[in-house]
Amino acid sequence: MTDLAELNRVATAMVAPGRGVLAADESAPTILKRFEAIGVENTEDNRRDYRELLFRSKGMANISGVILFDETIRQNAKDGTPLVKIIEAAGSFPGIKVDKGAKPLPFSPGEVVTEGLDGLRERLAEYRSLGAKFCKWRAVIEIGDGIPSYNCIHANAHALARYAALCQDQDLVPIVEPEVLMDGGHSIDRCYEVTEFALKELYRELYYARVKLEGTALKPNMIVPGKKCEEQASVEEVAEKTLRVLKQCVPAAVPGVAFLSGGQSDLDATARLNAMNKIGGVPWKLTFSYSRALQAAPQKAWAGKADNSAAAQAAFAHRAAMNGLASIGKWSPELEKQAA
Ligand code: 13P
């Protein structure tokens, strides 16, 4: 029997004021890309050393949960302590990415659907025994000429709902992530329209799958123009349009919304979250579930050298603290400078 009270307790703690989620679940090709950018060899030990330094940083005070990749949830720190235990000791929940990535959608050029449902029940049971309290599944929706199609929106929402129901059946909180990409030259209003479409379909499918919204978390994109769009948006416009689309689509039973950063600059990701929390007036907590906007600074500071570990930990703690303040609407550019 699913323990809904326990799922709700975990989902609520994940979005507790001043805290948010660290997405450290880069897949093998993604961590390779990140390490290449800082000139670090992509070995199992380097991946372990890098993630261990994050999990041992003071920054964990602002981190309610850490999303891990399959390798990391099984990995031990240099001294033999399981990384999962280090996360728990920091007062944070271990979580796990369980999707198997986005694959081309037949007959839909440029569109993808996330795979990984086959065998998922058994994988979830194992992850739970390894200490996971929550999971993540990421759907990817690209904006382009004539896309996304309804087929893409629907296939991805349906898969998210089947994943979420399986998670709850195994007493794991599902983070549902329908990411509308910011690649391309589309306007902010086109991002709004597509995100609304994706979220409406997602909550319909979650309802059909009998997912209990009190025991879930939403991980959406913010409403932003495409990176190549000539007309970029102010912090206020992003905050207002993001709040508006969420109010149109997300039921009040959902405890929290934890945004992805999606390629925004570190400061944009912080300032926009802060602006939303300053406006407030919404039934859910609004926080972060960032990978790039939390890790770009520590990765640069670390550059694969043990001597740089303390500097990398400080860079991570700084971003975690700034985003923690943004999650309660108490961040400001002045604080950013003072604390840096
Ligand atoms: P970014 O914050 O880098 O977009 O990553 C978040 C994430 O977990 C995507 O699934």
# chains A, B, ... in the order shown; residues from 1 in each chain; ligands from 1
>>> select_by_dssp(residues="stretch 111-203 of chain A", states="strand (DSSP E or B)", output="number ranges by chain")
A: 112-114, 134-141, 144, 147, 173-180
>>> residues_around(residues="A:Tyr50", least_positions_apart="4", cutoff="8 Å", atoms="only C-alpha atoms", output="list in words")
Asn46, Leu54, Trp302 and Gly304 of chain A
>>> write_last_selection(atoms="all heavy atoms", output="PDB file, in the first residue's frame")
ATOM      1  N   ASN A  46      37.502  10.409 -11.239  1.00  0.00           N
ATOM      2  CA  ASN A  46      37.286  11.866 -11.326  1.00  0.00           C
ATOM      3  C   ASN A  46      35.823  12.217 -11.105  1.00  0.00           C
ATOM      4  O   ASN A  46      35.512  13.207 -10.437  1.00  0.00           O
ATOM      5  CB  ASN A  46      37.763  12.401 -12.686  1.00  0.00           C
ATOM      6  CG  ASN A  46      39.274  12.552 -12.730  1.00  0.00           C
ATOM      7  OD1 ASN A  46      39.930  12.582 -11.686  1.00  0.00           O
ATOM      8  ND2 ASN A  46      39.829  12.647 -13.935  1.00  0.00           N
ATOM      9  N   LEU A  54      31.253  18.059  -3.868  1.00  0.00           N
ATOM     10  CA  LEU A  54      29.978  18.785  -3.758  1.00  0.00           C
ATOM     11  C   LEU A  54      29.202  18.310  -2.528  1.00  0.00           C
ATOM     12  O   LEU A  54      28.700  19.120  -1.740  1.00  0.00           O
ATOM     13  CB  LEU A  54      29.101  18.564  -4.996  1.00  0.00           C
ATOM     14  CG  LEU A  54      29.568  19.099  -6.350  1.00  0.00           C
ATOM     15  CD1 LEU A  54      28.523  18.784  -7.419  1.00  0.00           C
ATOM     16  CD2 LEU A  54      29.836  20.601  -6.304  1.00  0.00           C
ATOM     17  N   TRP A 302      37.199  23.981  -9.792  1.00  0.00           N
ATOM     18  CA  TRP A 302      37.861  22.699  -9.508  1.00  0.00           C
ATOM     19  C   TRP A 302      38.882  22.334 -10.581  1.00  0.00           C
ATOM     20  O   TRP A 302      40.047  22.080 -10.284  1.00  0.00           O
ATOM     21  CB  TRP A 302      36.807  21.601  -9.367  1.00  0.00           C
ATOM     22  CG  TRP A 302      37.341  20.224  -9.144  1.00  0.00           C
ATOM     23  CD1 TRP A 302      38.127  19.792  -8.110  1.00  0.00           C
ATOM     24  CD2 TRP A 302      37.106  19.074  -9.969  1.00  0.00           C
ATOM     25  NE1 TRP A 302      38.401  18.448  -8.240  1.00  0.00           N
ATOM     26  CE2 TRP A 302      37.794  17.990  -9.366  1.00  0.00           C
ATOM     27  CE3 TRP A 302      36.397  18.841 -11.149  1.00  0.00           C
ATOM     28  CZ2 TRP A 302      37.772  16.702  -9.924  1.00  0.00           C
ATOM     29  CZ3 TRP A 302      36.374  17.565 -11.694  1.00  0.00           C
ATOM     30  CH2 TRP A 302      37.052  16.510 -11.076  1.00  0.00           C
ATOM     31  N   GLY A 304      39.538  19.756 -12.003  1.00  0.00           N
ATOM     32  CA  GLY A 304      40.162  18.433 -11.876  1.00  0.00           C
ATOM     33  C   GLY A 304      41.331  18.369 -10.906  1.00  0.00           C
ATOM     34  O   GLY A 304      42.000  17.341 -10.820  1.00  0.00           O
TER      35      GLY A 304
END
>>> select_by_dssp(residues="stretch 78-207 of chain A", states="helix (DSSP H, G or I)", output="VMD selection string")
chain A and resid 83 to 89 120 to 129 150 to 169 188 to 207
>>> closest_residue(among="A:Lys247, A:Lys136, A:Lys300, A:Arg190", to="ligand 1", atoms="only C-alpha atoms and all ligand atoms")
A:Lys136
>>> closest_atom_pairs(of="chain A", to="ligand 1", cutoff="8 Å", atoms="only C-alpha atoms and all ligand atoms", output="Markdown table")
| residue | atom | partner | partner_atom_place_in_ligand_line | distance |
| --- | --- | --- | --- | --- |
| A:Ala23 | CA | ligand 1 | 8 (O) | 4.8 |
| A:Ala24 | CA | ligand 1 | 8 (O) | 7.3 |
| A:Asp25 | CA | ligand 1 | 8 (O) | 6.7 |
| A:Glu26 | CA | ligand 1 | 8 (O) | 7.6 |
| A:Ile67 | CA | ligand 1 | 8 (O) | 7.6 |
| A:Lys136 | CA | ligand 1 | 10 (O) | 7.8 |
| A:Trp137 | CA | ligand 1 | 10 (O) | 7.6 |
| A:Arg138 | CA | ligand 1 | 10 (O) | 5.5 |
| A:Glu177 | CA | ligand 1 | 10 (O) | 7.1 |
| A:Glu179 | CA | ligand 1 | 10 (O) | 7.7 |
| A:Phe259 | CA | ligand 1 | 2 (O) | 7.6 |
| A:Leu260 | CA | ligand 1 | 2 (O) | 4.2 |
| A:Ser261 | CA | ligand 1 | 2 (O) | 3.5 |
| A:Gly262 | CA | ligand 1 | 4 (O) | 3.2 |
| A:Gly263 | CA | ligand 1 | 4 (O) | 5.9 |
| A:Ser289 | CA | ligand 1 | 6 (C) | 6.2 |
| A:Tyr290 | CA | ligand 1 | 2 (O) | 3.5 |
| A:Ser291 | CA | ligand 1 | 2 (O) | 3.8 |
| A:Arg292 | CA | ligand 1 | 3 (O) | 3.8 |
| A:Ala293 | CA | ligand 1 | 2 (O) | 5.8 |
| A:Leu294 | CA | ligand 1 | 2 (O) | 7.6 |
